[in-house]
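What follows is a single structure, written as structure tokens, with notes after it.
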Amino acid sequence: MERIIGKYFIETPYDLEKAAQVLAGEQSSGTFVAVPGETEELKARFAARVEKITPLESVKESAIPGAVSKSGLYHRGNIEVSWSVENFGYNLPVLVSTLQGNLYEITQFTGLKLMDIELPPSYTEHFKGPQFGIEGCRNLTGVQARPLIGTIIKPSIGMTPEQTAELVKTLAEAGIDFVKDDELLSASANSSFENRVDAIMRVINAHADKTGKKVMYAFNLSDELDSMLRRYEYIVKAGGTCAMISLNSVGLSGVKKICDQRQLAIHGHRNGWGMLNRHPLLGIEFLAYQKLWRLAGVDQIHVNGIQNKFWESDDSVVRSMEACLQPLANGTTVLPVVSSGQWGGQAFETYRRVPTTDLLYMAGGGIMAHPDGPTGGVVALQQAWKGAVDGLSLEDAAATYPEFNTSVKKFGNK
């Protein structure tokens, strides 16, 4: 029977082999004590297996609370544990419960992080994955051979539908490819979901009729499931092409149900990501995280950005971008969304580290706070990416493009 492999970075005061066996037992057929029903036949079929152990360094202080080391040392290593697909079938919530679940609470571990997941062919055959992905999002926006340039509505909350639509009109006329609601807004006292969709889509549809270019707007439909399905249909009927979901807030089952509708590109926002990943020995690494959401069907997913405003290192961002661009066995891709304190200046290092234009490059303040207004901000980002792809340095691009030069003067020392 096919097996799924979980790859973990662990720390333990015990022998690595002993700790790994505890993980395998607790997350499959075993418990803290032998029970009569755990027969050899049952274990042969359903027990998890420790496949590989790679010892690393030992340290004198534990990463997180747990059992106290009698020797004064805590041992770190990489381990691989596998489970038969028979244990959970094609059930993503139970898969996650198996791969993560209670194991973070096991006292034998003073550090544990799920680093990657190896999926068997049947999993990527069963789950359809993204309906649109990179190619589909390019087709929906009409953007080829360069990054999609996008922005976030700012202020994040408080604007009326009419005010938001007026800003979208300005952005559309400036040549923006993508706009999204902030994750803090789905429906507020002065901006109901339906009124916002109506106002924005009037602008987007009118612009498309006039120019042939249809801006992709990601309406944040995050809510309870029945409401999300109603909102999804409302977007479709209004002529929209995209919806946004706060992945960690809605959860796998809700996200998959929305993705299964297969009519809109789904923009996966990972707000709350730091809670899952920020500690080096607790949580889940993006390489594993993004595979779960790709199975659920998201088309776009946030990866932070180079020289971002948050804690994440550039190396981590690069690994995340590369993970999105790596097709699953069924050939599906997911569009990496580069964001967080971005302006045109980071385009050069981003392209140097990951030489691709298959991304959605998002700037909020980097567009909205441009001295020439949102129009200047959009043009400056387009110029920056053209310069980066053409091999110009930041300084050469600033000397070549006036709007980007203004960006450098505004944002260059931040």
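Convention: chains lettered A, B, ... in structure tokens order; per-chain residue numbering from 1; ligands numbered from 1 as shown.
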
Using only C-alpha atoms, I'd like a table of the residues in segment 154-192 of chain A that come within 12 Å of segment 256-273 of chain A; for each, show the closest atom pair and its distance in Å rounded to one decimal, ordered by chain and ascending number, as JSON lines.
```
{"residue": "A:Phe178", "atom": "CA", "partner": "A:His267", "partner_atom": "CA", "distance": 10.8}
{"residue": "A:Val179", "atom": "CA", "partner": "A:His267", "partner_atom": "CA", "distance": 10.9}
{"residue": "A:Lys180", "atom": "CA", "partner": "A:His267", "partner_atom": "CA", "distance": 8.9}
{"residue": "A:Asp181", "atom": "CA", "partner": "A:His267", "partner_atom": "CA", "distance": 10.6}
{"residue": "A:Asp182", "atom": "CA", "partner": "A:His269", "partner_atom": "CA", "distance": 9.6}
{"residue": "A:Glu183", "atom": "CA", "partner": "A:His269", "partner_atom": "CA", "distance": 7.5}
{"residue": "A:Leu184", "atom": "CA", "partner": "A:Asn271", "partner_atom": "CA", "distance": 9.8}
```

For the residues selected in the previous step, produce a file with N, CA and C atoms as a compact mmCIF listing (two decimals), in the first residue's frame.
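Just written: out-v5.txt:
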```txt
# COMPACT_ATOMS: atom_id res chain seq x y z
N PHE A 178 -3.90 43.36 -10.54
CA PHE A 178 -4.54 42.63 -9.45
C PHE A 178 -4.75 43.57 -8.27
N VAL A 179 -5.91 43.48 -7.63
CA VAL A 179 -6.20 44.23 -6.41
C VAL A 179 -6.89 43.26 -5.46
N LYS A 180 -6.65 43.43 -4.17
CA LYS A 180 -7.35 42.56 -3.22
C LYS A 180 -7.83 43.34 -2.01
N ASP A 181 -8.89 42.80 -1.40
CA ASP A 181 -9.29 43.25 -0.08
C ASP A 181 -8.17 42.96 0.91
N ASP A 182 -8.04 43.78 1.93
CA ASP A 182 -7.18 43.41 3.04
C ASP A 182 -7.84 42.26 3.80
N GLU A 183 -7.02 41.43 4.45
CA GLU A 183 -7.59 40.29 5.19
C GLU A 183 -8.45 40.72 6.37
N LEU A 184 -8.32 41.99 6.79
CA LEU A 184 -9.12 42.48 7.91
C LEU A 184 -10.55 42.82 7.50
```

Review point. Contacts of segment 15-24 of chain A at 9 Å or less, counting only C-alpha atoms, minus same-chain residues fewer than 3 places along, as a PyMOL selection string?
Key: chain A and resi 10-12+27-32+47-50+53-55+75-77+79-83+103+106+108-109

Practice item. Write down as a PyMOL selection string the residues of segment 163-252 of chain A whose backbone DSSP state falls under strand (DSSP E or B). Key: chain A and resi 178-180+188+191+216-220+242-246

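Computed from the coordinates, the atom CA of Thr350 of chain A to atom CA of Thr151 of chain A distance equals 17.5 Å.
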
Report the closest atom pair, with its distance in Å rounded to one decimal, for each residue of segment 134-229 of chain A that has an atom no farther than 9 Å from segment 298-313 of chain A; count only C-alpha atoms, sort by chain and then rising residue number, and write it as JSON lines.
```
{"residue": "A:Ile134", "atom": "CA", "partner": "A:Asp299", "partner_atom": "CA", "distance": 7.4}
{"residue": "A:Gly136", "atom": "CA", "partner": "A:Asp299", "partner_atom": "CA", "distance": 8.6}
{"residue": "A:Cys137", "atom": "CA", "partner": "A:Asp299", "partner_atom": "CA", "distance": 7.9}
```

Keeping only N, CA and C atoms, write the selected residues as an mmCIF file, in the first residue's frame.
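Written file, part24.cif:
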```cif
data_model
loop_
_atom_site.group_PDB
_atom_site.id
_atom_site.type_symbol
_atom_site.label_atom_id
_atom_site.label_comp_id
_atom_site.auth_asym_id
_atom_site.auth_seq_id
_atom_site.Cartn_x
_atom_site.Cartn_y
_atom_site.Cartn_z
ATOM 1 N N ILE A 134 -0.510 29.120 -12.088
ATOM 2 C CA ILE A 134 0.225 30.204 -12.750
ATOM 3 C C ILE A 134 -0.348 30.501 -14.127
ATOM 4 N N GLY A 136 -3.218 29.719 -15.512
ATOM 5 C CA GLY A 136 -4.608 30.175 -15.498
ATOM 6 C C GLY A 136 -4.753 31.606 -15.026
ATOM 7 N N CYS A 137 -3.968 31.993 -14.020
ATOM 8 C CA CYS A 137 -4.024 33.381 -13.543
ATOM 9 C C CYS A 137 -3.493 34.337 -14.594
#
```

Practice item. Could you check how far atom CA of Ile204 of chain A sits from atom CA of Tyr361 of chain A, in Å to one decimal? Key: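 Separation of atom CA of Ile204 of chain A and atom CA of Tyr361 of chain A: 20.0 Å.
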
Exercise for review: Between A:Tyr289, A:Tyr232, A:Phe348, A:Phe411, single out the one closest to Leu99 of chain A, counting only C-alpha atoms.
Suggested key: A:Tyr289

Check your understanding: Restricting the calculation to only C-alpha atoms, which member of A:Arg138, A:Met362, A:Arg353, A:Ala165 is positioned closest to Val338 of chain A?
Key ->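 Ranking A:Arg138, A:Met362, A:Arg353, A:Ala165 by distance to Val338 of chain A, first place goes to A:Met362.
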
Practice item. Skip segment 115-121 of chain A itself and residues of its chain fewer than 5 positions away, then list as a ChimeraX atom specification all residues within 9 Å of it, counting only C-alpha atoms. Key: /A:2-9,85,99,126,283-289,291-292,329-330

Exercise for review: Within 12 Å of Asn139 of chain A, counting only C-alpha atoms, which residues show up once you throw out same-chain ones fewer than 4 positions away? Write them as a PyMOL selection string, please.
Suggested key: chain A and resi 132-135+143-145+148+177+213-216+241+265

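Among A:Ala172, A:Leu56, A:Val334, A:Met244, the residue with the shortest atom-to-atom distance to Ala206 of chain A, counting only C-alpha atoms, is A:Ala172.
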
Check your understanding: Hey, what's within 10 Å of Lys386 of chain A if we count only C-alpha atoms and toss same-chain stuff fewer than 6 positions away? As a VMD selection string, please?
Key -> chain A and resid 146 to 147 347 to 348 380 392 397

Quick one: write out the picked residues with N, CA and C atoms as a PDB file, in the first residue's frame?
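Generated file (again.pdb):
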```pdb
ATOM      1  N   ARG A 146       5.819  38.670 -17.794  1.00  0.00           N
ATOM      2  CA  ARG A 146       6.257  39.572 -16.725  1.00  0.00           C
ATOM      3  C   ARG A 146       5.462  39.229 -15.469  1.00  0.00           C
ATOM      4  N   PRO A 147       5.890  39.695 -14.308  1.00  0.00           N
ATOM      5  CA  PRO A 147       5.092  39.439 -13.103  1.00  0.00           C
ATOM      6  C   PRO A 147       3.737  40.151 -13.160  1.00  0.00           C
ATOM      7  N   ALA A 347      12.686  44.413  -6.420  1.00  0.00           N
ATOM      8  CA  ALA A 347      12.541  43.595  -7.626  1.00  0.00           C
ATOM      9  C   ALA A 347      13.881  43.047  -8.102  1.00  0.00           C
ATOM     10  N   PHE A 348      14.938  43.821  -7.960  1.00  0.00           N
ATOM     11  CA  PHE A 348      16.241  43.444  -8.497  1.00  0.00           C
ATOM     12  C   PHE A 348      16.824  42.251  -7.740  1.00  0.00           C
ATOM     13  N   ALA A 380       5.793  52.726 -11.559  1.00  0.00           N
ATOM     14  CA  ALA A 380       7.128  52.526 -10.986  1.00  0.00           C
ATOM     15  C   ALA A 380       7.434  51.046 -10.786  1.00  0.00           C
ATOM     16  N   LEU A 392      19.306  45.552 -15.672  1.00  0.00           N
ATOM     17  CA  LEU A 392      19.764  46.832 -15.140  1.00  0.00           C
ATOM     18  C   LEU A 392      19.979  46.738 -13.640  1.00  0.00           C
ATOM     19  N   ALA A 397      18.272  51.651 -13.426  1.00  0.00           N
ATOM     20  CA  ALA A 397      16.828  51.745 -13.663  1.00  0.00           C
ATOM     21  C   ALA A 397      16.290  53.092 -13.177  1.00  0.00           C
TER      22      ALA A 397
END
```

Point to revise | Neighbour list for Tyr104 of chain A as a ChimeraX atom specification, cut-off 9 Å, only C-alpha atoms, skip fewer than 5 positions in-chain | key: /A:109-113,282-283

Can those selected residues be exported to a file as a PDB file, in the first residue's frame so that it contains C-alpha atoms?
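So the final result, stored in result.pdb, reads:
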```
ATOM      1  CA  PHE A 109      10.146  16.433  22.331  1.00  0.00           C
ATOM      2  CA  THR A 110      11.655  19.779  23.301  1.00  0.00           C
ATOM      3  CA  GLY A 111      11.429  20.817  19.670  1.00  0.00           C
ATOM      4  CA  LEU A 112       9.597  19.516  16.614  1.00  0.00           C
ATOM      5  CA  LYS A 113       8.859  20.947  13.171  1.00  0.00           C
ATOM      6  CA  LEU A 282       8.085  24.366  16.409  1.00  0.00           C
ATOM      7  CA  GLY A 283       5.320  24.232  13.819  1.00  0.00           C
TER       8      GLY A 283
END
```

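Reported to one decimal place, the separation of atom CA of Tyr234 of chain A from atom CA of Val168 of chain A is 18.9 Å.
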